[in-house]
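Participant: This is protein04.cif, which holds mmCIF, C-alpha atoms and all ligand atoms:
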data_entry
#
loop_
_atom_site.label_atom_id
_atom_site.label_comp_id
_atom_site.auth_asym_id
_atom_site.auth_seq_id
_atom_site.Cartn_x
_atom_site.Cartn_y
_atom_site.Cartn_z
CA MET G 1 26.69 76.10 -64.69
CA THR G 2 26.59 75.43 -60.94
CA LEU G 3 27.04 71.86 -59.85
CA ILE G 4 24.59 70.86 -57.13
CA PRO G 5 26.21 68.34 -54.76
CA VAL G 6 24.68 64.85 -54.80
CA PRO G 7 22.93 64.28 -51.44
CA ASP G 8 24.48 61.64 -49.16
CA THR G 9 21.04 60.70 -47.83
CA ALA G 10 18.10 58.93 -49.43
CA ILE G 11 14.50 58.74 -48.26
CA ILE G 12 12.59 55.65 -49.36
CA VAL G 13 8.87 56.42 -49.23
CA VAL G 14 7.00 53.13 -49.15
CA ALA G 15 3.59 53.54 -50.73
CA ALA G 16 2.94 50.12 -52.25
CA GLY G 17 0.38 48.86 -49.74
CA SER G 18 -3.21 48.17 -50.71
CA GLY G 19 -4.86 49.91 -47.75
CA THR G 20 -7.20 47.06 -46.85
CA ARG G 21 -8.18 48.57 -43.50
CA LEU G 22 -8.80 52.04 -44.96
CA ASP G 23 -10.87 50.59 -47.79
CA GLY G 24 -10.69 53.89 -49.68
CA GLY G 25 -11.48 52.59 -53.17
CA ALA G 26 -7.84 52.86 -54.33
CA PRO G 27 -4.42 51.84 -53.01
CA LYS G 28 -4.05 53.81 -49.77
CA ALA G 29 -1.37 56.20 -51.03
CA PHE G 30 -3.75 57.51 -53.71
CA VAL G 31 -6.71 58.12 -51.43
CA GLY G 32 -7.38 61.87 -51.07
CA ILE G 33 -7.06 63.65 -47.74
CA ASP G 34 -8.17 67.01 -49.11
CA ALA G 35 -7.54 68.04 -52.70
CA HIS G 36 -4.29 66.06 -52.42
CA SER G 37 -3.61 62.38 -51.89
CA ILE G 38 -1.92 60.73 -48.91
CA LEU G 39 1.20 60.22 -51.05
CA ARG G 40 1.29 63.85 -52.16
CA HIS G 41 1.12 65.09 -48.57
CA ALA G 42 3.85 62.66 -47.54
CA LEU G 43 6.04 63.87 -50.40
CA ASP G 44 5.39 67.52 -49.58
CA GLY G 45 6.84 66.82 -46.13
CA VAL G 46 9.79 64.94 -47.57
CA PHE G 47 10.65 67.70 -50.05
CA ALA G 48 10.35 70.33 -47.32
CA ALA G 49 13.13 68.54 -45.45
CA ALA G 50 16.82 68.84 -46.39
CA PRO G 51 17.56 67.69 -49.98
CA ALA G 52 17.88 63.91 -50.35
CA GLN G 53 17.45 61.28 -53.03
CA ILE G 54 13.75 60.36 -52.93
CA VAL G 55 12.66 56.86 -53.95
CA VAL G 56 8.90 56.32 -54.08
CA VAL G 57 7.88 52.67 -53.92
CA ALA G 58 4.55 52.38 -55.76
CA PRO G 59 2.05 49.53 -56.10
CA ALA G 60 2.41 47.59 -59.36
CA GLY G 61 0.32 49.33 -62.02
CA PHE G 62 0.37 52.70 -60.22
CA GLU G 63 3.90 53.79 -61.13
CA GLY G 64 2.60 56.50 -63.48
CA ASP G 65 0.31 57.97 -60.83
CA ALA G 66 3.21 57.98 -58.37
CA GLU G 67 5.40 59.75 -60.97
CA THR G 68 2.79 62.50 -61.29
CA GLU G 69 2.60 63.00 -57.52
CA LEU G 70 6.38 62.97 -57.28
CA ARG G 71 6.81 65.55 -60.03
CA GLU G 72 4.25 67.89 -58.49
CA ALA G 73 5.72 67.65 -55.00
CA ALA G 74 9.32 67.97 -56.25
CA GLY G 75 8.84 71.28 -58.08
CA ASP G 76 12.24 72.16 -59.56
CA ARG G 77 13.93 69.26 -57.69
CA SER G 78 12.45 66.39 -59.72
CA ASP G 79 16.05 65.35 -60.44
CA LEU G 80 16.09 63.98 -56.88
CA GLY G 81 13.15 61.62 -57.29
CA ARG G 82 12.34 58.27 -58.90
CA VAL G 83 9.62 55.67 -58.69
CA VAL G 84 10.13 51.92 -58.35
CA THR G 85 7.62 49.06 -58.08
CA GLY G 86 6.88 47.56 -54.67
CA GLY G 87 6.35 43.97 -53.54
CA ASP G 88 3.80 41.89 -51.69
CA THR G 89 5.05 42.82 -48.23
CA ARG G 90 6.36 46.05 -46.78
CA GLN G 91 9.77 44.41 -46.38
CA GLN G 92 9.89 43.56 -50.09
CA SER G 93 8.83 47.10 -50.93
CA VAL G 94 11.67 48.59 -48.85
CA ALA G 95 14.10 46.17 -50.52
CA ALA G 96 12.95 47.43 -53.95
CA GLY G 97 13.69 50.98 -52.74
CA LEU G 98 17.14 49.99 -51.45
CA ALA G 99 17.99 48.54 -54.87
CA ALA G 100 17.44 51.99 -56.44
CA LEU G 101 19.82 54.03 -54.25
CA TRP G 102 22.53 56.19 -55.74
CA GLY G 103 26.13 55.17 -55.13
CA ASP G 104 26.90 58.25 -53.00
CA VAL G 105 24.16 57.59 -50.46
CA ARG G 106 25.45 56.86 -46.94
CA THR G 107 22.30 57.33 -44.83
CA VAL G 108 18.90 55.83 -45.64
CA LEU G 109 15.58 56.90 -44.16
CA VAL G 110 12.60 54.62 -44.67
CA HIS G 111 9.26 56.41 -44.39
CA ASP G 112 5.65 55.21 -44.61
CA ALA G 113 3.65 57.25 -47.09
CA ALA G 114 0.75 56.49 -44.75
CA ARG G 115 2.36 58.85 -42.17
CA ALA G 116 1.43 61.65 -44.52
CA LEU G 117 1.51 64.60 -42.10
CA THR G 118 4.92 63.90 -40.56
CA PRO G 119 6.60 67.30 -40.08
CA PRO G 120 9.83 67.89 -42.06
CA GLU G 121 11.55 68.73 -38.75
CA VAL G 122 11.15 65.09 -37.66
CA ILE G 123 12.64 63.89 -40.94
CA ASP G 124 15.64 66.22 -40.52
CA ALA G 125 16.08 65.24 -36.87
CA VAL G 126 16.19 61.52 -37.73
CA ARG G 127 18.66 62.17 -40.51
CA GLY G 128 20.87 64.23 -38.22
CA ALA G 129 20.93 61.58 -35.50
CA VAL G 130 22.01 58.60 -37.66
CA ASP G 131 25.69 57.68 -37.32
CA ALA G 132 27.88 54.96 -38.86
CA GLU G 133 26.59 52.21 -36.53
CA THR G 134 23.25 53.25 -35.10
CA GLY G 135 19.71 53.29 -36.41
CA ILE G 136 17.27 56.04 -35.34
CA LEU G 137 13.60 55.68 -34.64
CA PRO G 138 11.12 58.51 -33.86
CA THR G 139 8.76 57.52 -31.06
CA LEU G 140 6.00 58.91 -28.90
CA PRO G 141 5.35 57.94 -25.29
CA VAL G 142 2.48 55.53 -24.78
CA VAL G 143 -0.33 57.35 -22.99
CA ASP G 144 -2.87 54.56 -22.49
CA THR G 145 -2.78 52.24 -19.49
CA LEU G 146 -1.79 48.87 -20.91
CA LYS G 147 -2.66 45.35 -19.76
CA ARG G 148 -1.37 41.93 -20.62
CA VAL G 149 -4.34 39.75 -21.55
CA ASP G 150 -4.89 36.06 -22.26
CA GLY G 151 -8.24 35.36 -23.89
CA ASP G 152 -10.74 37.34 -21.84
CA ALA G 153 -8.54 37.27 -18.73
CA VAL G 154 -6.46 40.28 -17.71
CA VAL G 155 -3.17 38.71 -16.77
CA GLY G 156 -1.38 41.75 -15.40
CA PRO G 157 -0.24 45.32 -15.86
CA ILE G 158 2.45 46.57 -18.20
CA ASP G 159 4.78 49.34 -17.12
CA ARG G 160 4.23 51.87 -19.90
CA SER G 161 7.37 53.84 -19.00
CA GLU G 162 9.25 50.99 -20.70
CA LEU G 163 7.25 51.38 -23.91
CA ALA G 164 7.20 53.79 -26.83
CA ALA G 165 5.10 53.93 -30.01
CA ALA G 166 7.27 53.70 -33.14
CA GLN G 167 6.88 56.05 -36.09
CA THR G 168 8.74 56.69 -39.33
CA PRO G 169 11.00 57.82 -40.95
CA GLN G 170 13.48 55.41 -39.46
CA GLY G 171 17.08 56.19 -40.35
CA PHE G 172 20.08 53.87 -40.78
CA PRO G 173 23.63 53.74 -42.06
CA ARG G 174 23.13 52.42 -45.57
CA ALA G 175 25.72 49.64 -45.67
CA LEU G 176 24.51 48.04 -42.43
CA LEU G 177 20.84 48.32 -43.45
CA GLU G 178 21.51 46.66 -46.80
CA ARG G 179 23.31 43.78 -45.11
CA ALA G 180 20.55 43.43 -42.51
CA TYR G 181 17.99 43.21 -45.32
CA GLU G 182 19.99 40.52 -47.14
CA ARG G 183 20.13 38.58 -43.92
CA ALA G 184 16.40 38.90 -43.22
CA PHE G 185 15.55 37.57 -46.67
CA ALA G 186 18.11 34.77 -46.33
CA ASP G 187 16.53 33.79 -43.00
CA GLY G 188 13.02 34.08 -44.47
CA ILE G 189 11.86 36.34 -41.62
CA GLU G 190 9.34 39.17 -42.09
CA TYR G 191 9.84 42.05 -39.67
CA THR G 192 7.16 44.61 -38.83
CA ASP G 193 9.49 47.54 -39.25
CA ASP G 194 13.00 48.41 -40.30
CA ALA G 195 14.24 49.08 -36.78
CA ALA G 196 13.30 45.53 -35.75
CA LEU G 197 15.04 44.10 -38.82
CA PHE G 198 18.14 46.23 -38.17
CA ALA G 199 18.25 45.30 -34.47
CA ALA G 200 17.88 41.60 -35.33
CA ALA G 201 21.14 41.87 -37.25
CA GLY G 202 22.83 42.93 -34.02
CA HIS G 203 22.93 46.70 -34.51
CA GLY G 204 21.99 49.41 -32.04
CA VAL G 205 18.87 51.53 -32.44
CA ARG G 206 18.20 54.75 -30.52
CA HIS G 207 14.96 56.69 -30.41
CA ILE G 208 14.25 60.40 -30.63
CA THR G 209 11.03 62.32 -30.14
CA GLY G 210 8.50 61.92 -32.95
CA SER G 211 5.40 64.03 -33.55
CA ALA G 212 1.68 63.56 -32.96
CA ARG G 213 1.26 64.52 -36.63
CA GLY G 214 3.31 61.50 -37.60
CA PHE G 215 0.45 59.07 -36.91
CA LYS G 216 -0.21 56.40 -39.53
CA ILE G 217 -3.38 56.69 -41.57
CA THR G 218 -4.73 53.17 -41.23
CA THR G 219 -8.51 53.35 -40.74
CA PRO G 220 -11.24 55.74 -41.98
CA ALA G 221 -11.13 57.44 -38.54
CA ASP G 222 -7.41 58.21 -39.09
CA LEU G 223 -8.24 59.75 -42.45
CA GLU G 224 -10.84 61.96 -40.74
CA ARG G 225 -8.24 63.03 -38.19
CA ALA G 226 -5.84 63.99 -40.99
CA ARG G 227 -8.61 65.99 -42.69
CA HIS G 228 -9.32 67.89 -39.46
CA LEU G 229 -5.66 68.65 -38.88
CA LEU G 230 -5.25 70.01 -42.40
CA ALA G 231 -8.41 72.12 -42.15
CA GLU G 232 -7.15 73.62 -38.87
CA SER G 233 -3.74 74.53 -40.24
CA ALA G 234 -5.01 75.88 -43.59
CA PRO G 235 -4.55 79.66 -43.71
CA SER G 236 -7.76 81.72 -43.68
CA ALA G 237 -8.63 83.98 -46.62
CA THR G 238 -7.51 86.95 -44.51
CA GLU G 239 -4.12 85.38 -43.84
CA LEU G 240 -3.66 84.51 -47.50
CA ASP G 241 -4.50 88.11 -48.39
CA ALA G 242 -2.01 89.43 -45.85
CA GLN G 243 0.70 87.18 -47.32
CA ARG G 244 0.29 88.61 -50.81
CA PRO G 245 3.25 90.63 -52.02
CA VAL G 246 3.05 94.42 -51.77
CA ALA G 247 0.12 95.25 -53.98
CA THR G 248 -1.42 98.20 -55.78
CA ARG G 249 -5.17 98.41 -55.64
CA VAL G 250 -7.85 100.70 -57.05
CA GLY G 251 -11.27 101.70 -55.81
CA ILE G 252 -14.20 103.69 -57.14
CA GLY G 253 -16.74 105.86 -55.34
CA THR G 254 -19.71 107.92 -56.46
CA ASP G 255 -21.97 110.35 -54.64
CA VAL G 256 -25.03 112.34 -55.58
CA HIS G 257 -26.61 115.15 -53.57
CA ALA G 258 -29.60 117.35 -54.31
CA PHE G 259 -29.40 121.09 -53.82
CA GLY G 260 -31.39 122.17 -50.81
CA GLY G 261 -31.16 123.21 -47.16
CA GLU G 262 -29.78 126.24 -45.41
CA GLY G 263 -26.47 128.10 -45.45
CA ASP G 264 -23.63 128.09 -47.95
CA LEU G 265 -22.41 125.33 -50.22
CA TRP G 266 -19.53 123.09 -49.11
CA LEU G 267 -17.90 121.22 -51.96
CA ALA G 268 -14.44 119.73 -52.53
CA GLY G 269 -13.38 120.85 -49.06
CA LEU G 270 -14.19 124.53 -49.72
CA GLU G 271 -16.97 126.84 -48.61
CA TRP G 272 -18.69 128.52 -51.58
CA GLN G 273 -20.40 131.64 -50.29
CA GLY G 274 -23.57 132.62 -52.09
CA GLU G 275 -23.91 129.21 -53.79
CA GLN G 276 -26.91 126.98 -53.10
CA PRO G 277 -25.97 124.30 -50.54
CA LEU G 278 -26.34 120.54 -50.97
CA SER G 279 -28.54 118.61 -48.58
CA GLY G 280 -27.33 115.53 -46.70
CA HIS G 281 -25.91 114.11 -43.51
CA SER G 282 -22.75 116.09 -42.70
CA ASP G 283 -22.11 119.03 -45.03
CA GLY G 284 -23.24 117.26 -48.23
CA ASP G 285 -19.75 117.54 -49.77
CA ALA G 286 -20.30 114.99 -52.54
CA VAL G 287 -16.69 115.30 -53.79
CA ALA G 288 -15.26 114.36 -50.39
CA HIS G 289 -17.79 111.55 -49.95
CA ALA G 290 -17.02 110.00 -53.34
CA ILE G 291 -13.30 110.13 -52.49
CA VAL G 292 -13.88 108.43 -49.13
CA ASP G 293 -15.79 105.60 -50.84
CA ALA G 294 -13.09 105.19 -53.49
CA LEU G 295 -10.40 104.90 -50.81
CA LEU G 296 -12.35 102.54 -48.54
CA GLY G 297 -13.32 100.46 -51.56
CA ALA G 298 -9.72 100.18 -52.72
CA ALA G 299 -8.68 98.92 -49.30
CA GLY G 300 -11.66 96.58 -48.97
CA LEU G 301 -12.70 98.36 -45.78
CA GLY G 302 -16.40 98.74 -46.42
CA ASP G 303 -17.95 102.10 -47.32
CA ILE G 304 -18.74 105.56 -46.05
CA GLY G 305 -22.08 104.54 -44.54
CA GLU G 306 -20.35 101.99 -42.35
CA HIS G 307 -17.71 104.35 -40.97
CA PHE G 308 -19.38 107.78 -41.08
CA GLY G 309 -23.14 107.16 -41.50
CA THR G 310 -26.03 108.23 -39.27
CA ALA G 311 -24.85 105.72 -36.64
CA HIS G 312 -21.90 108.10 -36.12
CA PRO G 313 -23.52 111.40 -35.00
CA GLU G 314 -20.05 112.87 -34.32
CA TYR G 315 -19.74 113.41 -38.09
CA ALA G 316 -23.00 115.35 -38.51
CA GLY G 317 -22.03 118.67 -40.07
CA ALA G 318 -18.36 117.66 -40.36
CA HIS G 319 -16.35 118.95 -43.31
CA ALA G 320 -14.19 117.14 -45.85
CA ALA G 321 -10.92 117.46 -43.95
CA VAL G 322 -12.31 115.47 -41.00
CA PHE G 323 -13.67 112.66 -43.21
CA LEU G 324 -10.58 112.38 -45.32
CA ALA G 325 -8.13 112.45 -42.41
CA ARG G 326 -10.08 109.67 -40.66
CA THR G 327 -10.22 107.65 -43.89
CA ARG G 328 -6.48 107.96 -44.28
CA GLU G 329 -6.08 106.66 -40.71
CA LEU G 330 -8.33 103.66 -41.42
CA LEU G 331 -6.24 102.80 -44.46
CA ALA G 332 -2.96 103.19 -42.58
CA ASP G 333 -4.24 100.87 -39.83
CA ALA G 334 -4.96 98.26 -42.52
CA GLY G 335 -1.48 98.71 -44.01
CA PHE G 336 -2.22 100.95 -47.00
CA GLU G 337 -0.76 104.20 -48.29
CA ILE G 338 -2.61 106.43 -50.72
CA GLY G 339 -1.14 106.70 -54.20
CA ASN G 340 -3.42 109.33 -55.77
CA VAL G 341 -7.04 110.28 -56.12
CA SER G 342 -8.92 111.65 -59.12
CA ALA G 343 -12.50 112.91 -58.86
CA GLN G 344 -14.89 114.44 -61.34
CA PHE G 345 -18.07 116.28 -60.52
CA GLN G 346 -20.94 116.82 -62.92
CA GLY G 347 -23.12 119.84 -62.33
CA ASN G 348 -23.96 123.34 -63.55
CA ARG G 349 -22.76 125.11 -60.40
CA PRO G 350 -20.48 126.09 -58.80
CA ARG G 351 -18.11 127.28 -61.54
CA PHE G 352 -15.17 125.25 -60.43
CA SER G 353 -12.08 126.08 -62.47
CA ALA G 354 -11.18 129.28 -60.59
CA ARG G 355 -10.81 127.39 -57.30
CA ARG G 356 -9.48 124.08 -58.57
CA VAL G 357 -5.94 124.55 -57.25
CA GLU G 358 -7.23 125.67 -53.87
CA ALA G 359 -9.60 122.65 -53.60
CA GLU G 360 -6.93 120.17 -54.64
CA ARG G 361 -4.54 121.59 -52.05
CA VAL G 362 -7.06 121.32 -49.20
CA LEU G 363 -8.08 117.74 -50.11
CA SER G 364 -4.52 116.63 -50.65
CA ALA G 365 -3.46 118.06 -47.27
CA ALA G 366 -6.29 116.12 -45.57
CA LEU G 367 -4.95 112.93 -47.19
CA GLY G 368 -1.44 113.45 -45.90
CA GLY G 369 -0.13 114.97 -49.12
CA ALA G 370 -1.35 112.34 -51.61
CA PRO G 371 -2.07 114.04 -54.94
CA VAL G 372 -5.75 114.82 -55.51
CA SER G 373 -7.02 116.12 -58.83
CA ILE G 374 -10.53 117.38 -59.45
CA THR G 375 -12.19 117.87 -62.80
CA ALA G 376 -15.63 119.32 -63.44
CA THR G 377 -18.09 119.13 -66.28
CA THR G 378 -21.63 120.10 -67.14
CA THR G 379 -23.92 117.62 -68.84
CA ASP G 380 -25.27 119.73 -71.66
CA GLY G 381 -28.52 120.37 -69.84
CA LEU G 382 -29.28 116.66 -69.62
CA GLY G 383 -30.39 114.72 -66.57
CA PHE G 384 -30.79 115.96 -62.99
CA THR G 385 -27.41 117.65 -63.07
CA GLY G 386 -28.31 119.39 -66.31
CA ARG G 387 -31.58 120.59 -64.82
CA GLY G 388 -29.67 122.00 -61.83
CA GLU G 389 -31.31 119.71 -59.29
CA GLY G 390 -28.07 118.45 -57.79
CA ILE G 391 -24.56 117.26 -58.53
CA SER G 392 -22.99 113.88 -59.16
CA VAL G 393 -19.39 112.97 -58.40
CA THR G 394 -17.24 109.99 -59.37
CA ALA G 395 -13.84 109.35 -57.75
CA ILE G 396 -11.09 106.81 -58.33
CA ALA G 397 -8.34 106.08 -55.83
CA LEU G 398 -5.08 104.18 -56.19
CA ILE G 399 -3.54 102.78 -53.02
CA HIS G 400 -0.46 100.67 -52.18
CA SER G 401 0.06 98.08 -49.54
CA ASN G 402 2.90 99.49 -47.42
CA GLY G 403 4.34 96.04 -46.71
CA ARG G 404 3.25 96.30 -43.08
CA ARG G 405 -0.21 94.85 -43.64
CA ALA G 406 -1.80 94.56 -40.26
CA GLY G 407 -4.26 91.95 -41.57
CA LYS G 408 -7.94 92.77 -41.41
CA GLU G 409 -10.14 91.33 -38.71
CA SER G 410 -12.44 88.78 -40.22
N1 LIG I 501 3.61 49.12 -47.85
C1 LIG I 501 4.31 48.89 -49.00
N2 LIG I 501 4.25 47.67 -49.58
C2 LIG I 501 3.50 46.68 -49.06
C3 LIG I 501 2.77 46.93 -47.88
C4 LIG I 501 2.84 48.16 -47.28
O1 LIG I 501 4.98 49.77 -49.51
N3 LIG I 501 3.45 45.52 -49.68
C5 LIG I 501 3.63 50.49 -47.25
C6 LIG I 501 2.27 51.14 -47.24
O2 LIG I 501 2.00 51.76 -48.50
C7 LIG I 501 2.35 52.12 -46.10
C8 LIG I 501 3.37 51.49 -45.19
O3 LIG I 501 4.00 50.44 -45.91
O4 LIG I 501 2.79 53.39 -46.51
C9 LIG I 501 2.73 50.99 -43.91
O5 LIG I 501 1.83 49.94 -44.20
P1 LIG I 501 0.27 49.94 -43.82
O6 LIG I 501 -0.07 51.11 -43.06
O7 LIG I 501 -0.03 48.58 -43.26
O8 LIG I 501 -0.40 50.12 -45.25
P2 LIG I 501 -1.20 49.08 -46.10
O9 LIG I 501 -0.50 47.77 -46.08
O10 LIG I 501 -1.43 49.72 -47.43
O11 LIG I 501 -2.60 49.01 -45.34
P3 LIG I 501 -3.37 47.69 -44.86
O12 LIG I 501 -2.41 46.92 -43.99
O13 LIG I 501 -4.57 48.21 -44.16
O14 LIG I 501 -3.71 46.94 -46.13
MG MG I 502 -0.23 46.61 -44.20
#
Go through the file and emit its structure as structure tokens.
Facilitator:
Amino acid sequence: MTLIPVPDTAIIVVAAGSGTRLDGGAPKAFVGIDAHSILRHALDGVFAAAPAQIVVVAPAGFEGDAETELREAAGDRSDLGRVVTGGDTRQQSVAAGLAALWGDVRTVLVHDAARALTPPEVIDAVRGAVDAETGILPTLPVVDTLKRVDGDAVVGPIDRSELAAAQTPQGFPRALLERAYERAFADGIEYTDDAALFAAAGHGVRHITGSARGFKITTPADLERARHLLAESAPSATELDAQRPVATRVGIGTDVHAFGGEGDLWLAGLEWQGEQPLSGHSDGDAVAHAIVDALLGAAGLGDIGEHFGTAHPEYAGAHAAVFLARTRELLADAGFEIGNVSAQFQGNRPRFSARRVEAERVLSAALGGAPVSITATTTDGLGFTGRGEGISVTAIALIHSNGRRAGKES
């Protein structure tokens, strides 16, 4: 059994507020951003940061819901997390979190669940900057022009270079934070954030750069902003597909051609002198065309009409080798290698078995050496093939992602 070291850092995630200004129909932490709640997003960020004890402070009566969110976000690290019940003020909620810390914890980060999209890098940076005496606060510069006002009178300007907007998580040496909290309660003073409470006890606080994503979801407009940000960063279906592990895929293709037209028959990449030709765009080689569709289908690249149809006059009269070589190129560009191809044609003529090996060799060479096997059958006189009106071919292709998926254009 491997012993996992106990983290020396704890993150208290305060989520016990009611969310009066958001008015989301539930305590704010349990309001959904997308399929997931504000709390779940906050915890995803926290668990993506370096391992720490995680204390979730939940509203009274919502401890079970918080447990569920915690378990889902924690994955196999649920040993790190626990839920405690919050108080009437944020300060009381943080105090409830402090009372639940493990003995080994030396550094405490206090984080608002309402800052649900805070990047894990900010959490790690705060943690890394805390030392034995100093608290750390992530901030952003103030961008608005600010004024001091008195009633409806503008009293004067404020130099914004002296100001910064405070975010969370705020990080502190545990022992000093605990003492500062005891003192705040003893003095009966409510502070707006932990940095203010810590500074009031005479300790130093430094700030580091926060993140625009660390904004606090307070109003319905903030919730909308969070929704937009998540929608923008969600991977597209194409990206998700490209991220899938190396995959094996199959495709199927069929083709039917009527006998007719001038010249000799072309079928399965071979010229059959004296046999009735098949009619169609290009040489009417139904075996090659079914194989092309099976390969394109397996790769999800459309079909033969799209790549070689009448809109592409350069393929009029072209033979199998040209089609197949181009198809192989299309697949390679999309990150696929051909495993093998099997095709069967149904028809009375030509008598195929004598030239099977020759046909398979030609088709395989056009596909860069991938094995191609061709079988042939008659249909006992039934249907259009049985009446000798034409032939029908079915092909199946197996392809592999070569691990260098280029990602399809969407
Ligand atoms: N918080 C808490 N316990 C409280 C009050 C607030 O744990 N008694 C938490 C909130 O859950 C939130 C963070 O402190 O994550 C910041 O508070 P705020 O954004 O003000 O949230 P609410 O108090 O829930 O919202 P409102 O003030 O609109 O009611
Ligand atoms: Mg509040």
Participant: Between G:Glu262, G:Glu314, G:Glu190, G:Asp293, which one has atoms that come closest to ligand LIG 501 (chain I), using only C-alpha atoms and all ligand atoms?
Facilitator: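 So, comparing all the options, the nearest one is G:Glu190.
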Participant: For a quick check of understanding, using all atoms listed in the file, which of G:Pro7, G:Pro27, G:Gly45, G:Pro313 has the smallest distance to ligand MG 502 (chain I)?
Facilitator: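 Closest candidate: G:Pro27.
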Participant: Within 9 Å of ligand MG 502 (chain I) (counting all atoms listed in the file), which residues show up? I'd like them as a list in words.
Facilitator: Gly17, Ser18, Gly19, Thr20, Arg21, Thr89, Arg90 and Thr218 of chain G
Participant: Give me, as a short mmCIF file (atom, residue, chain, number, x, y, z; two decimals) with C-alpha atoms, in the frame of the given file, all polymer residues having an atom no more than 6 Å from region 376-381 of chain G, counting all atoms listed in the file and skipping those fewer than 2 positions away in the same chain.
Facilitator:
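File written: result-v9.cif
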data_model
loop_
_atom_site.label_atom_id
_atom_site.label_comp_id
_atom_site.auth_asym_id
_atom_site.auth_seq_id
_atom_site.Cartn_x
_atom_site.Cartn_y
_atom_site.Cartn_z
CA GLN G 344 -14.89 114.44 -61.34
CA PHE G 345 -18.07 116.28 -60.52
CA GLN G 346 -20.94 116.82 -62.92
CA GLY G 347 -23.12 119.84 -62.33
CA ASN G 348 -23.96 123.34 -63.55
CA GLY G 386 -28.31 119.39 -66.31
CA ARG G 387 -31.58 120.59 -64.82
#
Participant: Find the nearest atom pair between each residue of region 12-129 of chain G and region 164-175 of chain G for residues within 10 Å, count all atoms listed in the file, give distances in Å to one decimal, sort rows by chain and ascending number, and present the table as a Markdown table.
Facilitator:
| residue | atom | partner | partner_atom | distance |
| --- | --- | --- | --- | --- |
| G:Ile12 | CA | G:Pro169 | CA | 8.8 |
| G:Val13 | CA | G:Pro169 | CA | 8.7 |
| G:Val46 | CA | G:Pro169 | CA | 9.8 |
| G:Leu98 | CA | G:Arg174 | CA | 8.7 |
| G:Leu101 | CA | G:Arg174 | CA | 9.4 |
| G:Val105 | CA | G:Arg174 | CA | 7.2 |
| G:Arg106 | CA | G:Arg174 | CA | 5.2 |
| G:Thr107 | CA | G:Pro173 | CA | 4.7 |
| G:Val108 | CA | G:Phe172 | CA | 5.4 |
| G:Leu109 | CA | G:Gly171 | CA | 4.2 |
| G:Val110 | CA | G:Pro169 | CA | 5.2 |
| G:His111 | CA | G:Pro169 | CA | 4.1 |
| G:Asp112 | CA | G:Thr168 | CA | 6.3 |
| G:Ala113 | CA | G:Thr168 | CA | 9.3 |
| G:Ala114 | CA | G:Thr168 | CA | 9.7 |
| G:Arg115 | CA | G:Thr168 | CA | 7.3 |
| G:Thr118 | CA | G:Thr168 | CA | 8.3 |
| G:Val122 | CA | G:Pro169 | CA | 8.0 |
| G:Ile123 | CA | G:Pro169 | CA | 6.3 |
| G:Asp124 | CA | G:Pro169 | CA | 9.6 |
| G:Ala125 | CA | G:Gly171 | CA | 9.7 |
| G:Val126 | CA | G:Gly171 | CA | 6.0 |
| G:Arg127 | CA | G:Gly171 | CA | 6.2 |
| G:Gly128 | CA | G:Gly171 | CA | 9.1 |
| G:Ala129 | CA | G:Gly171 | CA | 8.2 |
Participant: Would you mind telling me which residue in G:Val149, G:Leu270, G:Val143, G:Val55 lies nearest to ligand LIG 501 (chain I) when using only C-alpha atoms and all ligand atoms?
Facilitator: G:Val55
Participant: Here is a test: counting all atoms listed in the file, which residue of G:Leu43, G:Ala196, G:Ala234, G:Ala395 is nearest to Ser78 (chain G)?
Facilitator: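 That would be G:Leu43, the residue with the smallest distance to Ser78 (chain G).
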Participant: One decimal, in Å: what's the spacing between CA of Leu176 (chain G) and CA of Ala132 (chain G)?
Facilitator: 8.5 Å
Participant: Find the distance between CA of Gly390 (chain G) and CA of Leu278 (chain G) and write it in Å to one decimal.
Facilitator: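 According to the coordinates, CA of Gly390 (chain G) and CA of Leu278 (chain G) are separated by 7.3 Å.
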Participant: Pick the closest to Ala184 (chain G) from G:Ala73, G:Ala200, G:Ile399, G:Ala60: which is it, counting all atoms listed in the file?
Facilitator: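 That would be G:Ala200, the residue with the smallest distance to Ala184 (chain G).
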Participant: Of the candidates G:Thr134, G:Glu67, G:Asp194, G:Leu80, which shows the shortest atom-to-atom distance to ligand LIG 501 (chain I), using all atoms listed in the file?
Facilitator: G:Asp194
Participant: Please identify all polymer residues within 9 Å of Gly280 (chain G), counting only C-alpha atoms, omitting same-chain residues fewer than 2 positions from it, and present them as a list in words.
Facilitator: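 Close residues of Gly280 (chain G): His257, Ala258, Gly260, Gly261, Leu278, Ser282, Asp283, Gly284 and Asp285 of chain G.
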Participant: Go ahead and save the picked residues with C-alpha atoms, as a PDB file, in the frame of the given file.
Facilitator:
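Saved to again22.pdb:
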ATOM      1  CA  HIS G 257     -26.610 115.150 -53.570  1.00  0.00           C
ATOM      2  CA  ALA G 258     -29.600 117.350 -54.310  1.00  0.00           C
ATOM      3  CA  GLY G 260     -31.390 122.170 -50.810  1.00  0.00           C
ATOM      4  CA  GLY G 261     -31.160 123.210 -47.160  1.00  0.00           C
ATOM      5  CA  LEU G 278     -26.340 120.540 -50.970  1.00  0.00           C
ATOM      6  CA  SER G 282     -22.750 116.090 -42.700  1.00  0.00           C
ATOM      7  CA  ASP G 283     -22.110 119.030 -45.030  1.00  0.00           C
ATOM      8  CA  GLY G 284     -23.240 117.260 -48.230  1.00  0.00           C
ATOM      9  CA  ASP G 285     -19.750 117.540 -49.770  1.00  0.00           C
TER      10      ASP G 285
END
Participant: Report, in Å with one decimal, the straight-line distance from CA of Ala247 (chain G) to CA of Glu306 (chain G).
Facilitator: 24.5 Å
